[in-house]
Amino acid sequence: MATLDKAYKEIEGIIGSKYITEKDFMKAAYSRNVDPAFPDRWADMIVKPVSSEDVSEIVKIANKFKIPMVPRGGGADLVGGSVTQGGILIDLTRMNNILHINEDNYYCEVEAGITWGALVSRLHDKGLTTGVLGPGSGFSATIGGGLSNSTAGFGSTKYGVVPDICLGVEVVLPNPQGTIIRTGAAANKYAEPFCRYGVAPDFTGLFMGDVGTMGIKTKAFLKLFPVTPFKAQRYYILNKNDYNKVYELLHRLRAEVRDGLHDVLVVPLITMQLLASLVENKPNKRPRLKGPIFSILVEAMDERILDVYLEQVENIMKEDAREFEMQEVDLDATLSRDWKFNLKYAYNYFNKYISVAPPKISCTTCHKVPISAIPDVAEKSNQFDIKYKSEFPLGSISLFATVIFLMPNGNCVIVGGFNADNIDEQRETSMKMWHKKLRLQVRYGGVHYWLGEAISQSIVEADAYTPDFIQFFKNMKKSVDPNFLLSPNKFHMYNYEDEMSRYIVKEE
Amino acid sequence: MVEINSKEKFKHLDKLGPMILQCISCGDCREATDYSSDPPKSGVCVSRDHTVGFEPFFGRGKMQIIRSLWQGKLELSKDLAEVIYQCPICNACSEACAYDMDNATIYEALRAELVDAGCGLEAHIPMNNALIDLLNPYQRNNKEKDNWLQNLGFKVKRAQEDKADILYFVGCTAALTPEIQSVAISTAKVLHKLGVDFAVFGEKEVCCGSVAKRTGDLNAFNSVAIKNYELFKNSGIKKIITSCAGCYRTLKVDYKNYLDDLNIEVLHTIEFLDKFIKDHEINLKKLEMTTTYHDPCHTGRNAGVSPLYEEPRRLLSKITDLIEMKTIKESAKCCGAGGGVKKGFPELALEIAKSRIREAEETGAEYIVSICPFCYRNLLDAIKESKSNLKMIDLLELIDRAIS
């Protein structure tokens, strides 16, 4: 019996024949995620475990037969993170229970395969929230995926990135023993998982943003916050297309409105023009759009405080911008004063910007830069697009940013990329240019966080990591994954002996 | 990549054009639970919720499979059909889709490809063959469609012989299922009480072909569609009403071109009565009962541009105390019977229906009401199976009681 067949039989014995498959059409259904550049990749088998113990047994069998494994959450990945050519694809969506909501002490314990939408909806019934509501794909993305990608999303201006609300995780290590550990307060077997730091070094951090390379997260312990009852949304349009001014205004908003800011997004002029051209219900007379749009959401526990925040925002913005309404370009849009929060608003980014005109899909990246660097990186990005115009896939549009959003302290996330057709003929060109643009972003000091394959490899190609760092990384991984089986290929890591410096790309 | 001419190989998918490649794989069709939407969404895909839930059990996986087929990376197979047919085509995935993909149409095209390739579900073959041979999917003598007319106590016109303003298209389920004939009987009684000039085809009524269309047997579908076209044309009818959600959707959406050609309007009986009762200021008696309403997919998400969400609720609220379930209207959970699931995977259909019954029980209502004999049948089975105290009833039966 071939190795794969033996492994299949053993796993089948653990999780049952219903929850393992090697059928071709099943593999095809798991062959791609949200990107136009990767080729179809078929796993050897797909499994759906229901518990940490199941995952542990699968890991033991994978080690016994030396078969690679890739964990998968919601599968809304944009950079080749949760598909695999060969090996075992571990679909964790069956592990989707909320185990405990501790209303007294503001934390919860969940299985990693629950979606953000499902968790946030359940919490809302109890007047609670996770603050940052997970990635833009939160209707399908899982908690485990959000942690593995150090995701930012709705609420990040105030609450930070997803690992910032993580108090610990339960992880199955990819070692031959399939060791299950708990981090944070839960490392103390007598303690509830109510805080992250203490007890031991912050091993939770080892698994944050690891894109599934260090362990398989099966449970997570998350901070909770009471829902803030008053929220208001305002738009402003800048009088000119000036990123220096964008930086100044973001700095002032951060300094003066502080905790009142829930989300601050900047939609660049060109993106706004593009979106305006695509709306169905256009007004007869459209405004002349002169600069980026600021979308500012403030929240407060008291309506009077909310009014103060809005006044502060108005005072900051009024010299360089005017109040704007989306109805100026889209008659179906809601007026700011009628705006009410809903999850579709929180998660609309994903669908609105990842593919403004299907079947074209964006080769997208999110990377963080200091807010003072925005003017410089905008210039560098635009120069790149001009210089390499002929190398982009036919008919694609490349944008420095489809949106910029403010993070805690003085950094922001820039979301941008170029779009391409979801066809085999264009994949190679798309992938080549994607990596090239990613290397540019890494080299101007951008910090990517959902890394998958495309981005983690581009960071290596850009020679961002020192040899000492790479060795440290390998040593850490080797301590949990001695047979090098979990999520190979990421970071151009194919085994522990390979010299990663050979993937450095020196041109540009 | 294997070189194939997809356009030649997949003629049903080819008709849909670029639509089949437009799924970006975001996965919102998997779950998309949203407390804040109006109405709230509590999950999306009933098939995924009640099966092992691998990707092909919900929209995104199906779309990836279709793309892989189209690009020559995968072959049609009986194994594939086993999964593809475990979907009631309720189109909740389309409702969740940010790009307004018409998933139901795409899945039906895939099923047509499976049938053409000889990979259709065995369980559906006798049902669809019976459409051609017997003019109904229940493999019964079509003469039995006259049975419910025998004890009405008044005469009903025959559309093939008598002129009438309106054709009442009964549908096979209500005409041939003894437990559900009450839908047809109540409809006729209500129309009679209101003095509406209507006729039926009785034993000459030909199945609309819904089951064949949903299961991909276009040969069977076209066979009955042509017969119906001739019947409608010869009867000179200009308005059809039907109390069956499946017939309603098929006649209204799938027959659109035929019926536009004949200048025939299609209405669900409830849609017709809602307007008639208002226009004629008909008094309805308040019935002392609490009810909850189940939206059939065929009058909701699958009904094209004008879903019937408000009409049944207006009537039901007038005559009973309506208590809504958690998922309603465009977010309503399917009963699980459609798309050939009841025939092909009866246990799955029952499990999905039991889940809907549990949702209905949470309202505390005494009755679960619908306007689809097929939902009626599956939900009734679930009530019996789960020993629920809920009572299943069609809205027409209540209207019949409410009109003195």
# chains A, B, ... in the order shown; residues from 1 in each chain; ligands from 1
>>> residues_around(residues="Thr292 (chain B)", least_positions_apart="3", cutoff="12 Å", atoms="only C-alpha atoms", output="PDB file with N, CA and C atoms, in the first residue's frame")
ATOM      1  N   MET B 289     -55.746  32.364  16.559  1.00  0.00           N
ATOM      2  CA  MET B 289     -54.611  31.442  16.531  1.00  0.00           C
ATOM      3  C   MET B 289     -53.309  32.219  16.339  1.00  0.00           C
ATOM      4  N   ASP B 295     -41.244  31.214   4.419  1.00  0.00           N
ATOM      5  CA  ASP B 295     -41.134  31.700   3.033  1.00  0.00           C
ATOM      6  C   ASP B 295     -40.626  30.579   2.127  1.00  0.00           C
ATOM      7  N   PRO B 312     -48.182  37.497   1.521  1.00  0.00           N
ATOM      8  CA  PRO B 312     -48.682  36.503   2.488  1.00  0.00           C
ATOM      9  C   PRO B 312     -48.714  37.055   3.907  1.00  0.00           C
ATOM     10  N   ARG B 313     -47.752  37.874   4.237  1.00  0.00           N
ATOM     11  CA  ARG B 313     -47.705  38.420   5.611  1.00  0.00           C
ATOM     12  C   ARG B 313     -48.874  39.377   5.864  1.00  0.00           C
ATOM     13  N   LEU B 316     -51.894  37.095   6.357  1.00  0.00           N
ATOM     14  CA  LEU B 316     -51.767  36.301   7.578  1.00  0.00           C
ATOM     15  C   LEU B 316     -51.916  37.175   8.828  1.00  0.00           C
ATOM     16  N   SER B 317     -51.376  38.380   8.758  1.00  0.00           N
ATOM     17  CA  SER B 317     -51.475  39.293   9.912  1.00  0.00           C
ATOM     18  C   SER B 317     -52.919  39.735  10.137  1.00  0.00           C
ATOM     19  N   THR B 320     -54.635  36.263  11.654  1.00  0.00           N
ATOM     20  CA  THR B 320     -54.047  35.551  12.808  1.00  0.00           C
ATOM     21  C   THR B 320     -53.032  36.468  13.493  1.00  0.00           C
ATOM     22  N   ASP B 321     -52.528  35.997  14.602  1.00  0.00           N
ATOM     23  CA  ASP B 321     -51.411  36.698  15.235  1.00  0.00           C
ATOM     24  C   ASP B 321     -50.122  36.093  14.700  1.00  0.00           C
ATOM     25  N   LEU B 322     -49.456  36.841  13.863  1.00  0.00           N
ATOM     26  CA  LEU B 322     -48.242  36.353  13.195  1.00  0.00           C
ATOM     27  C   LEU B 322     -47.020  36.625  14.070  1.00  0.00           C
ATOM     28  N   ILE B 323     -46.263  35.585  14.341  1.00  0.00           N
ATOM     29  CA  ILE B 323     -44.998  35.747  15.070  1.00  0.00           C
ATOM     30  C   ILE B 323     -43.877  35.281  14.139  1.00  0.00           C
ATOM     31  N   GLU B 324     -42.970  36.184  13.826  1.00  0.00           N
ATOM     32  CA  GLU B 324     -41.944  35.853  12.836  1.00  0.00           C
ATOM     33  C   GLU B 324     -40.849  34.963  13.419  1.00  0.00           C
ATOM     34  N   MET B 325     -40.295  34.136  12.545  1.00  0.00           N
ATOM     35  CA  MET B 325     -39.131  33.329  12.915  1.00  0.00           C
ATOM     36  C   MET B 325     -37.877  34.194  12.849  1.00  0.00           C
ATOM     37  N   LYS B 326     -36.774  33.603  13.283  1.00  0.00           N
ATOM     38  CA  LYS B 326     -35.510  34.349  13.289  1.00  0.00           C
ATOM     39  C   LYS B 326     -35.051  34.656  11.861  1.00  0.00           C
ATOM     40  N   THR B 327     -35.162  33.700  10.977  1.00  0.00           N
ATOM     41  CA  THR B 327     -34.738  33.962   9.592  1.00  0.00           C
ATOM     42  C   THR B 327     -35.969  34.020   8.702  1.00  0.00           C
ATOM     43  N   ILE B 328     -36.142  35.142   8.046  1.00  0.00           N
ATOM     44  CA  ILE B 328     -37.339  35.353   7.229  1.00  0.00           C
ATOM     45  C   ILE B 328     -36.967  36.024   5.904  1.00  0.00           C
ATOM     46  N   ARG B 356     -35.807  23.671  10.462  1.00  0.00           N
ATOM     47  CA  ARG B 356     -36.745  24.785  10.249  1.00  0.00           C
ATOM     48  C   ARG B 356     -37.908  24.708  11.249  1.00  0.00           C
ATOM     49  N   ILE B 357     -38.339  23.500  11.522  1.00  0.00           N
ATOM     50  CA  ILE B 357     -39.419  23.327  12.499  1.00  0.00           C
ATOM     51  C   ILE B 357     -38.960  23.795  13.884  1.00  0.00           C
ATOM     52  N   ARG B 358     -37.724  23.474  14.231  1.00  0.00           N
ATOM     53  CA  ARG B 358     -37.207  23.936  15.539  1.00  0.00           C
ATOM     54  C   ARG B 358     -37.210  25.463  15.606  1.00  0.00           C
ATOM     55  N   GLU B 359     -36.841  26.075  14.465  1.00  0.00           N
ATOM     56  CA  GLU B 359     -36.848  27.543  14.413  1.00  0.00           C
ATOM     57  C   GLU B 359     -38.277  28.056  14.590  1.00  0.00           C
ATOM     58  N   ALA B 360     -39.223  27.376  13.967  1.00  0.00           N
ATOM     59  CA  ALA B 360     -40.631  27.785  14.092  1.00  0.00           C
ATOM     60  C   ALA B 360     -41.127  27.595  15.522  1.00  0.00           C
ATOM     61  N   GLU B 361     -40.696  26.511  16.150  1.00  0.00           N
ATOM     62  CA  GLU B 361     -41.125  26.240  17.528  1.00  0.00           C
ATOM     63  C   GLU B 361     -40.661  27.346  18.481  1.00  0.00           C
ATOM     64  N   GLU B 362     -39.487  27.907  18.181  1.00  0.00           N
ATOM     65  CA  GLU B 362     -38.954  28.962  19.055  1.00  0.00           C
ATOM     66  C   GLU B 362     -39.883  30.172  19.123  1.00  0.00           C
ATOM     67  N   THR B 363     -40.727  30.348  18.126  1.00  0.00           N
ATOM     68  CA  THR B 363     -41.643  31.497  18.133  1.00  0.00           C
ATOM     69  C   THR B 363     -42.792  31.287  19.117  1.00  0.00           C
ATOM     70  N   GLY B 364     -43.057  30.042  19.452  1.00  0.00           N
ATOM     71  CA  GLY B 364     -44.192  29.745  20.333  1.00  0.00           C
ATOM     72  C   GLY B 364     -45.519  29.710  19.591  1.00  0.00           C
ATOM     73  N   ALA B 365     -45.486  29.849  18.269  1.00  0.00           N
ATOM     74  CA  ALA B 365     -46.739  29.837  17.501  1.00  0.00           C
ATOM     75  C   ALA B 365     -47.344  28.436  17.464  1.00  0.00           C
ATOM     76  N   GLU B 366     -48.668  28.404  17.236  1.00  0.00           N
ATOM     77  CA  GLU B 366     -49.347  27.097  17.151  1.00  0.00           C
ATOM     78  C   GLU B 366     -49.222  26.492  15.755  1.00  0.00           C
ATOM     79  N   TYR B 367     -49.200  27.360  14.743  1.00  0.00           N
ATOM     80  CA  TYR B 367     -49.231  26.891  13.349  1.00  0.00           C
ATOM     81  C   TYR B 367     -48.014  27.405  12.580  1.00  0.00           C
ATOM     82  N   ILE B 368     -47.504  26.564  11.716  1.00  0.00           N
ATOM     83  CA  ILE B 368     -46.535  27.055  10.729  1.00  0.00           C
ATOM     84  C   ILE B 368     -47.269  27.086   9.385  1.00  0.00           C
ATOM     85  N   VAL B 369     -47.211  28.232   8.749  1.00  0.00           N
ATOM     86  CA  VAL B 369     -48.011  28.482   7.549  1.00  0.00           C
ATOM     87  C   VAL B 369     -47.081  28.663   6.364  1.00  0.00           C
ATOM     88  N   SER B 370     -47.485  28.133   5.210  1.00  0.00           N
ATOM     89  CA  SER B 370     -46.704  28.392   4.006  1.00  0.00           C
ATOM     90  C   SER B 370     -47.631  28.493   2.809  1.00  0.00           C
ATOM     91  N   LEU B 390     -46.329  21.615  16.715  1.00  0.00           N
ATOM     92  CA  LEU B 390     -46.727  22.572  15.672  1.00  0.00           C
ATOM     93  C   LEU B 390     -47.720  21.922  14.712  1.00  0.00           C
ATOM     94  N   LYS B 391     -48.570  22.762  14.126  1.00  0.00           N
ATOM     95  CA  LYS B 391     -49.480  22.248  13.104  1.00  0.00           C
ATOM     96  C   LYS B 391     -49.143  22.922  11.784  1.00  0.00           C
ATOM     97  N   MET B 392     -49.110  22.121  10.733  1.00  0.00           N
ATOM     98  CA  MET B 392     -48.790  22.650   9.399  1.00  0.00           C
ATOM     99  C   MET B 392     -50.083  23.040   8.706  1.00  0.00           C
ATOM    100  N   ILE B 393     -50.079  24.196   8.067  1.00  0.00           N
ATOM    101  CA  ILE B 393     -51.290  24.609   7.342  1.00  0.00           C
ATOM    102  C   ILE B 393     -50.896  25.548   6.205  1.00  0.00           C
ATOM    103  N   ASP B 394     -51.666  25.478   5.126  1.00  0.00           N
ATOM    104  CA  ASP B 394     -51.431  26.383   4.010  1.00  0.00           C
ATOM    105  C   ASP B 394     -52.255  27.648   4.226  1.00  0.00           C
ATOM    106  N   LEU B 395     -51.722  28.758   3.788  1.00  0.00           N
ATOM    107  CA  LEU B 395     -52.411  30.033   3.988  1.00  0.00           C
ATOM    108  C   LEU B 395     -53.804  30.033   3.361  1.00  0.00           C
TER     109      LEU B 395
END
>>> interface_residues(of="chain B", to="chain A", cutoff="10 Å", atoms="only C-alpha atoms", output="PyMOL selection string")
chain B and resi 1+18-38+40-43+51-57+60-69+71+73-77+79-80+83+96-99
>>> atom_distance(atom1="CA of Asn97 (chain A)", atom2="CA of Thr142 (chain A)")
11.5 Å
>>> residues_around(residues="region 182-189 of chain A", least_positions_apart="2", cutoff="6 Å", atoms="only C-alpha atoms", output="ChimeraX atom specification")
/A:167-170,191-193,195-197,204
>>> atom_distance(atom1="CA of Glu205 (chain B)", atom2="CA of Leu152 (chain B)")
18.3 Å
>>> residues_around(residues="Lys368 (chain A)", least_positions_apart="3", cutoff="7 Å", atoms="only C-alpha atoms", output="VMD selection string")
chain A and resid 411 to 414 446 to 448
>>> select_by_dssp(residues="region 11-251 of chain B", states="helix (DSSP H, G or I)", output="PyMOL selection string")
chain B and resi 11-14+17-21+46-49+55-57+59-70+78-84+92-96+103-116+122-134+142-149+172-176+178-193+202-204+210-215+218-235+245-251
>>> residues_around(residues="Glu311 (chain A)", least_positions_apart="3", cutoff="12 Å", atoms="only C-alpha atoms", output="JSON, numbers by chain")
{"A": [232, 234, 253, 256, 257, 260, 298, 304, 305, 306, 307, 308, 314, 315, 316, 317, 318]}
>>> write_last_selection(atoms="C-alpha atoms", output="PDB file, in the first residue's frame")
ATOM      1  CA  ALA A 232     -21.381  58.425  14.030  1.00  0.00           C
ATOM      2  CA  ARG A 234     -18.735  61.521   8.591  1.00  0.00           C
ATOM      3  CA  LEU A 253      -6.900  63.310  14.313  1.00  0.00           C
ATOM      4  CA  GLU A 256      -6.701  65.432  19.211  1.00  0.00           C
ATOM      5  CA  VAL A 257      -9.591  62.960  18.938  1.00  0.00           C
ATOM      6  CA  GLY A 260     -12.964  58.742  20.051  1.00  0.00           C
ATOM      7  CA  VAL A 298     -16.260  58.045  16.016  1.00  0.00           C
ATOM      8  CA  ARG A 304     -22.744  64.351  24.431  1.00  0.00           C
ATOM      9  CA  ILE A 305     -19.205  63.065  24.174  1.00  0.00           C
ATOM     10  CA  LEU A 306     -19.926  61.878  20.670  1.00  0.00           C
ATOM     11  CA  ASP A 307     -20.937  65.424  19.748  1.00  0.00           C
ATOM     12  CA  VAL A 308     -17.656  66.711  21.155  1.00  0.00           C
ATOM     13  CA  GLU A 314     -14.959  69.178  12.050  1.00  0.00           C
ATOM     14  CA  ASN A 315     -12.457  71.646  13.472  1.00  0.00           C
ATOM     15  CA  ILE A 316      -9.529  69.582  12.270  1.00  0.00           C
ATOM     16  CA  MET A 317     -10.904  68.949   8.798  1.00  0.00           C
ATOM     17  CA  LYS A 318     -12.634  72.217   7.909  1.00  0.00           C
TER      18      LYS A 318
END
>>> closest_residue(among="A:Ile374, A:Ala62, A:Ile397, A:Met326", to="Pro287 (chain A)", atoms="only C-alpha atoms")
A:Met326
>>> atom_distance(atom1="CA of Ala454 (chain A)", atom2="CA of Gly136 (chain A)")
19.3 Å
>>> residues_around(residues="region 277-281 of chain B", least_positions_apart="2", cutoff="12 Å", atoms="only C-alpha atoms", output="list in words")
Val190, Leu191, Lys193, Leu194, Gly195, Val196, Thr269, Ile270, Glu271, Phe272, Leu273, Asp274, Lys275, Asn283, Leu284, Glu311, Arg314, Leu315, Lys318, Ile399, Ala402 and Ile403 of chain B
>>> residues_around(residues="Glu379 (chain A)", least_positions_apart="2", cutoff="12 Å", atoms="only C-alpha atoms", output="PyMOL selection string")
chain A and resi 242-244+373-377+381-386+399-401+441+444
